[in-house]
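J.: The following block contains the structure, expressed as C-alpha cells.
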Amino acid sequence: MSAAVALRRDAKALAQRIAWQDWDRVATSLDACGHAILPGLLDEAECRAIAALYDRPDGFRSRVVMARHGFGSGEYRYFAYPLPDTVATLRAAVYPHLSPVANRWNAAMGIDVRYPEAHADFLQRCHDAGQARPTPLLLRYDAGDYNCLHQDLYGEHVFPLQMAVLLSEPDDDFEGGEFVLTEQRPRMQSRADVVPLRRGDAVVFAVHHRPVKGTRGTYRVNLRHGVSRVRSGRRHTLGIVFHDAL
C-alpha cells in the first residue's frame with residue numbers, strides 16, 4: 001500500500017471516529033460546565049506520530065518558550081500550513097459538530113455573530129480579516145513545567161470553543177500535568193475544575209466565556225485554562241484552535 005493511500009485511509013478512519021462521538025452528550029456537558037471529554041479520539045499510533053513531529057521544526061511556523069513571556073514553563077510550536085493530515089482532519093471534522101453550540105451560545109448571550117456550517121467558510125472569514133496564520137499547536141512539558149491560566153483569542157474573529165488532545169499516557173509517560181479550567185462567575189468566587197484525560201482523549205472547552213442561566217436571566221461566565229505542574233516525565237498535547245491568528 002502506498003503512503004498516500006494509507007494516509008487517506010487513516011484520515012477516513014479518523015473522520016468516522018469523530019462522527020461516532022456522542023455529540024448530544026458533548027453539547028449537554030458544554031452547556032452544563034463549559035467543557036466535554038471526547039474519549040479515544042486518537043489512537044496510540046496517531047498520538048505517538050503527532051508527538052514525534054515536535055523535533056521536526058520544518059513543519060512549524062514558530063516556537064514559543066513560555067518562560068520568556070511569563071506564560072509558565074515549557075514550550076510549544078505552532079504548525080505551518082499545510083497542516084499534517086491528522087490535524088487538518090480534526091479541525092475540519094470536529095468544527096461542524098460545535099458550530100451549532102457556538103451559535104446557540106452567542107444567541108443566549110446577545111452576541112450577533114453566527115458561524116457557518118463548514119470550517120473552510122469560517123477560515124475564509126478569518127483570512128479576509130487578515131487572520132491568516134494557522135493556530136493549531138503542539139505543546140511539550142518536562143518535569144517542573146506548567147501552563148498559566150489563559151485564553152487563546154488571537155484576533156477579532158474568535159470561535160468560542162477549542163479542543164486539546166492529550167498525546168502522552170498519564171502515570172506511564174508523565175505524572176502531574178492535569179488539565180485545569182477555571183470559571184470566573186459574577187459576584188462569586190472563581191471555581192476550578194480538573195479534567196481527567198488519558199492518551200488519545202480530547203477535551204472541548206470554552207475559549208473565552210459561556211452563557212449560564214441565573215435568577216435574573218442569562219449571564220456570561222469567563223473561563224481560562226491551563227496545565228498544572230508536571231512532576232516527572234514528558235507530556236505532549238495537541239491544541240486545536242478553530243480560528244486563525246493575525
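Chain labels A, B, ... are given in the sequence in which chains occur in the C-alpha cells; within each chain residues are numbered consecutively from 1, and ligands are likewise numbered from 1 in the order shown.
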Within 7 Å of range 157-168 of chain A, counting only C-alpha atoms, which residues show up once you throw out same-chain ones fewer than 2 positions away? Write them as a PDB file with C-alpha atoms, in the first residue's frame, please.

T.:
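Written file, around.pdb:
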```pdb
ATOM      1  CA  CYS A  47      -0.706  10.170  19.287  1.00  0.00           C
ATOM      2  CA  ARG A  48       2.884   8.970  19.006  1.00  0.00           C
ATOM      3  CA  ALA A  51       4.160  13.945  19.305  1.00  0.00           C
ATOM      4  CA  ALA A 102     -21.399  28.213  19.339  1.00  0.00           C
ATOM      5  CA  CYS A 126     -10.731  34.935   9.330  1.00  0.00           C
ATOM      6  CA  LEU A 153      -8.107  34.667  21.381  1.00  0.00           C
ATOM      7  CA  GLY A 155      -7.831  38.388  16.872  1.00  0.00           C
ATOM      8  CA  PRO A 170      -0.517   9.658  32.453  1.00  0.00           C
ATOM      9  CA  ASP A 173       4.898   8.964  30.318  1.00  0.00           C
ATOM     10  CA  LEU A 197      -7.704  12.620  30.420  1.00  0.00           C
ATOM     11  CA  ARG A 198      -5.954   9.527  29.109  1.00  0.00           C
ATOM     12  CA  ARG A 199      -3.793   9.330  25.998  1.00  0.00           C
ATOM     13  CA  GLY A 200      -5.947   9.962  22.915  1.00  0.00           C
ATOM     14  CA  ASP A 201      -8.744  11.662  24.844  1.00  0.00           C
ATOM     15  CA  ALA A 202      -9.733  15.187  23.846  1.00  0.00           C
ATOM     16  CA  VAL A 203     -11.378  17.932  25.848  1.00  0.00           C
ATOM     17  CA  VAL A 204     -13.535  20.559  24.151  1.00  0.00           C
ATOM     18  CA  PHE A 205     -13.909  23.748  26.173  1.00  0.00           C
ATOM     19  CA  ALA A 206     -14.934  27.381  26.038  1.00  0.00           C
ATOM     20  CA  VAL A 207     -12.273  29.768  24.744  1.00  0.00           C
ATOM     21  CA  HIS A 208     -13.491  32.905  26.482  1.00  0.00           C
ATOM     22  CA  ARG A 235       3.812  15.445  28.380  1.00  0.00           C
ATOM     23  CA  HIS A 236       2.760  16.286  24.797  1.00  0.00           C
ATOM     24  CA  THR A 237      -0.559  17.905  23.895  1.00  0.00           C
ATOM     25  CA  LEU A 238      -2.138  18.832  20.576  1.00  0.00           C
ATOM     26  CA  GLY A 239      -4.116  22.071  20.679  1.00  0.00           C
ATOM     27  CA  ILE A 240      -6.841  22.683  18.094  1.00  0.00           C
ATOM     28  CA  VAL A 241      -7.949  26.313  17.819  1.00  0.00           C
ATOM     29  CA  PHE A 242     -10.563  26.788  15.108  1.00  0.00           C
ATOM     30  CA  HIS A 243      -9.836  30.464  14.307  1.00  0.00           C
TER      31      HIS A 243
END
```

J.: Running DSSP on the backbone, which parts of range 59-206 of chain A land in strand (DSSP E), as a PDB file with C-alpha atoms, in the first residue's frame?

T.:
```pdb
ATOM      1  CA  PHE A  60       6.018  24.632  12.153  1.00  0.00           C
ATOM      2  CA  ARG A  61       5.849  28.391  11.720  1.00  0.00           C
ATOM      3  CA  SER A  62       7.137  29.414  15.174  1.00  0.00           C
ATOM      4  CA  ARG A  63       8.345  28.178  18.563  1.00  0.00           C
ATOM      5  CA  VAL A  64       7.383  29.745  21.897  1.00  0.00           C
ATOM      6  CA  VAL A  65       9.333  29.251  25.136  1.00  0.00           C
ATOM      7  CA  GLY A  72       4.555  29.395  32.505  1.00  0.00           C
ATOM      8  CA  SER A  73       7.317  26.853  31.858  1.00  0.00           C
ATOM      9  CA  GLU A  75       7.329  25.291  25.162  1.00  0.00           C
ATOM     10  CA  TYR A  76       5.118  24.895  22.136  1.00  0.00           C
ATOM     11  CA  ARG A  77       5.226  25.161  18.353  1.00  0.00           C
ATOM     12  CA  TYR A  78       2.541  26.493  16.002  1.00  0.00           C
ATOM     13  CA  PHE A  79       2.012  24.330  12.930  1.00  0.00           C
ATOM     14  CA  LEU A 137      -0.135  23.876  18.137  1.00  0.00           C
ATOM     15  CA  LEU A 138       1.939  21.124  19.692  1.00  0.00           C
ATOM     16  CA  LEU A 139       2.924  21.614  23.337  1.00  0.00           C
ATOM     17  CA  ARG A 140       5.738  19.902  25.253  1.00  0.00           C
ATOM     18  CA  TYR A 141       6.164  19.883  29.027  1.00  0.00           C
ATOM     19  CA  ASP A 142       9.021  18.341  31.001  1.00  0.00           C
ATOM     20  CA  TYR A 146       3.286  24.157  33.677  1.00  0.00           C
ATOM     21  CA  ASN A 147       0.973  26.439  31.697  1.00  0.00           C
ATOM     22  CA  CYS A 148      -0.561  29.510  33.343  1.00  0.00           C
ATOM     23  CA  LEU A 149      -4.290  30.086  33.096  1.00  0.00           C
ATOM     24  CA  HIS A 150      -5.027  31.888  29.831  1.00  0.00           C
ATOM     25  CA  LEU A 161     -14.814  26.587  21.510  1.00  0.00           C
ATOM     26  CA  GLN A 162     -11.470  24.852  21.159  1.00  0.00           C
ATOM     27  CA  MET A 163     -10.003  21.412  21.789  1.00  0.00           C
ATOM     28  CA  ALA A 164      -6.930  19.832  23.349  1.00  0.00           C
ATOM     29  CA  VAL A 165      -5.865  16.212  22.786  1.00  0.00           C
ATOM     30  CA  LEU A 166      -3.553  14.501  25.267  1.00  0.00           C
ATOM     31  CA  PHE A 174       4.430  11.647  32.983  1.00  0.00           C
ATOM     32  CA  GLU A 175       2.958  12.437  36.391  1.00  0.00           C
ATOM     33  CA  GLY A 176       1.058  15.594  37.320  1.00  0.00           C
ATOM     34  CA  PHE A 179      -5.676  19.998  32.508  1.00  0.00           C
ATOM     35  CA  VAL A 180      -7.305  22.747  34.586  1.00  0.00           C
ATOM     36  CA  LEU A 181     -10.243  25.073  33.859  1.00  0.00           C
ATOM     37  CA  THR A 182     -11.428  27.979  35.980  1.00  0.00           C
ATOM     38  CA  GLU A 183     -14.723  29.858  35.820  1.00  0.00           C
ATOM     39  CA  GLN A 184     -14.894  33.463  36.996  1.00  0.00           C
ATOM     40  CA  ARG A 191     -14.361  27.777  40.503  1.00  0.00           C
ATOM     41  CA  ALA A 192     -11.665  25.342  39.322  1.00  0.00           C
ATOM     42  CA  ASP A 193     -12.212  22.048  37.521  1.00  0.00           C
ATOM     43  CA  VAL A 194      -9.556  19.385  36.832  1.00  0.00           C
ATOM     44  CA  VAL A 195     -10.362  17.356  33.693  1.00  0.00           C
ATOM     45  CA  ALA A 202      -9.733  15.187  23.846  1.00  0.00           C
ATOM     46  CA  VAL A 203     -11.378  17.932  25.848  1.00  0.00           C
ATOM     47  CA  VAL A 204     -13.535  20.559  24.151  1.00  0.00           C
ATOM     48  CA  PHE A 205     -13.909  23.748  26.173  1.00  0.00           C
ATOM     49  CA  ALA A 206     -14.934  27.381  26.038  1.00  0.00           C
TER      50      ALA A 206
END
```

J.: I'd like the interatomic distance between CA of Ile50 in chain A and CA of Asp152 in chain A, to a tenth of an Å.

T.: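 Between CA of Ile50 in chain A and CA of Asp152 in chain A the gap is 21.1 Å.
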
J.: Applying 8 Å and only C-alpha atoms, which residues near Thr218 in chain A remain after dropping the ones on its own chain fewer than 4 positions away? List them as a JSON list (two decimals) with N, CA and C atoms, in the first residue's frame.

T.:
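The file below, result00.json, is the result:
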```
[["chain", "number", "residue", "atom", "x", "y", "z"],
["A", 108, "ALA", "N", -27.79, 33.23, 23.10],
["A", 108, "ALA", "CA", -28.15, 33.35, 24.51],
["A", 108, "ALA", "C", -27.48, 34.54, 25.18],
["A", 109, "MET", "N", -26.25, 34.88, 24.72],
["A", 109, "MET", "CA", -25.51, 35.98, 25.33],
["A", 109, "MET", "C", -25.72, 37.32, 24.62],
["A", 211, "PRO", "N", -22.60, 31.03, 28.25],
["A", 211, "PRO", "CA", -23.82, 31.51, 28.91],
["A", 211, "PRO", "C", -24.23, 30.60, 30.07],
["A", 212, "VAL", "N", -24.70, 31.21, 31.13],
["A", 212, "VAL", "CA", -25.23, 30.49, 32.28],
["A", 212, "VAL", "C", -26.54, 31.15, 32.68],
["A", 213, "LYS", "N", -27.56, 30.36, 32.91],
["A", 213, "LYS", "CA", -28.86, 30.90, 33.31],
["A", 213, "LYS", "C", -28.85, 31.19, 34.80],
["A", 214, "GLY", "N", -29.25, 32.39, 35.16],
["A", 214, "GLY", "CA", -29.36, 32.80, 36.55],
["A", 214, "GLY", "C", -30.77, 33.22, 36.89]]
```

J.: Quick one: pick out all helix (DSSP H, G or I) residues within range 2-224 of chain A from a backbone DSSP run and write them as number ranges by chain.

T.: A: 3-19, 23-33, 44-55, 57-59, 66-69, 85-108, 119-128

J.: Using only C-alpha atoms, can you tell me which of A:Leu83, A:Leu223, A:Ala49, A:Ala118 comes closest to Gln151 in chain A?

T.: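 Closest candidate: A:Leu223.
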
J.: Extract, using only C-alpha atoms, all DNA, RNA and protein residues at most 10 Å from His127 in chain A, discarding same-chain residues fewer than 6 positions from it, and format them as a CSV table (one decimal) with all heavy atoms, in the first residue's frame.

T.:
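To be explicit, this is the file written out as part.csv:
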```csv
chain,number,residue,atom,x,y,z
A,121,ASP,N,-15.4,27.8,5.4
A,121,ASP,CA,-16.1,29.1,5.3
A,121,ASP,C,-15.7,30.0,6.4
A,121,ASP,O,-15.5,31.2,6.2
A,121,ASP,CB,-17.6,28.9,5.2
A,121,ASP,CG,-18.0,28.1,4.0
A,121,ASP,OD1,-17.3,28.2,3.0
A,121,ASP,OD2,-19.1,27.5,4.0
A,133,ARG,N,-2.7,33.3,9.9
A,133,ARG,CA,-1.7,32.4,10.4
A,133,ARG,C,-2.3,31.2,11.2
A,133,ARG,O,-3.2,31.4,12.0
A,133,ARG,CB,-0.8,33.1,11.4
A,133,ARG,CG,0.0,34.2,10.7
A,133,ARG,CD,1.1,34.8,11.6
A,133,ARG,NE,0.5,35.4,12.8
A,133,ARG,CZ,1.2,35.7,13.9
A,133,ARG,NH1,2.5,35.4,14.0
A,133,ARG,NH2,0.6,36.3,14.9
A,157,HIS,N,-11.9,37.8,15.1
A,157,HIS,CA,-12.8,36.6,14.8
A,157,HIS,C,-12.3,35.4,15.7
A,157,HIS,O,-11.2,34.9,15.5
A,157,HIS,CB,-12.7,36.3,13.3
A,157,HIS,CG,-13.3,37.4,12.5
A,157,HIS,ND1,-14.6,37.6,12.3
A,157,HIS,CD2,-12.7,38.4,11.8
A,157,HIS,CE1,-14.8,38.6,11.5
A,157,HIS,NE2,-13.7,39.2,11.2
A,243,HIS,N,-10.1,29.2,15.0
A,243,HIS,CA,-9.8,30.5,14.3
A,243,HIS,C,-8.3,30.6,14.1
A,243,HIS,O,-7.5,30.1,14.8
A,243,HIS,CB,-10.4,31.7,15.1
A,243,HIS,CG,-10.0,31.7,16.5
A,243,HIS,ND1,-10.7,31.0,17.5
A,243,HIS,CD2,-9.0,32.3,17.2
A,243,HIS,CE1,-10.2,31.2,18.7
A,243,HIS,NE2,-9.1,32.0,18.5
A,244,ASP,N,-8.0,31.3,13.0
A,244,ASP,CA,-6.6,31.6,12.7
A,244,ASP,C,-6.2,33.0,13.3
A,244,ASP,O,-7.1,33.7,13.8
A,244,ASP,CB,-6.3,31.6,11.2
A,244,ASP,CG,-6.1,30.2,10.7
A,244,ASP,OD1,-5.9,29.3,11.5
A,244,ASP,OD2,-6.0,30.0,9.5
A,245,ALA,N,-4.9,33.3,13.3
A,245,ALA,CA,-4.4,34.4,14.0
A,245,ALA,C,-3.9,35.5,13.1
A,245,ALA,O,-3.6,35.3,11.9
A,245,ALA,CB,-3.2,34.0,14.9
A,246,LEU,N,-3.9,36.8,13.7
A,246,LEU,CA,-3.3,37.9,12.9
A,246,LEU,C,-1.8,37.7,12.7
A,246,LEU,O,-1.2,37.1,13.5
A,246,LEU,CB,-3.6,39.2,13.8
A,246,LEU,CG,-5.0,39.7,13.8
A,246,LEU,CD1,-5.1,40.8,14.9
A,246,LEU,CD2,-5.4,40.3,12.4
```

J.: At most 10 Å is the cut-off: for each residue in range 64-94 of chain A with any atom that close to an atom of range 13-26 of chain A, write down the nearest atom pair and the distance in Å rounded to one decimal, counting only C-alpha atoms, chain first then increasing number, as JSON lines.

T.:
```
{"residue": "A:Thr86", "atom": "CA", "partner": "A:Leu14", "partner_atom": "CA", "distance": 7.7}
{"residue": "A:Thr89", "atom": "CA", "partner": "A:Ala15", "partner_atom": "CA", "distance": 6.8}
{"residue": "A:Leu90", "atom": "CA", "partner": "A:Ala15", "partner_atom": "CA", "distance": 7.5}
{"residue": "A:Ala92", "atom": "CA", "partner": "A:Ala15", "partner_atom": "CA", "distance": 9.2}
{"residue": "A:Ala93", "atom": "CA", "partner": "A:Ala15", "partner_atom": "CA", "distance": 6.2}
{"residue": "A:Val94", "atom": "CA", "partner": "A:Ile18", "partner_atom": "CA", "distance": 6.7}
```

J.: Between A:Gly74, A:Pro134, A:Gly177, A:Gly110, which is the closest to Arg210 in chain A once you count only C-alpha atoms?

T.: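 Under the stated criterion, the closest residue is A:Gly110.
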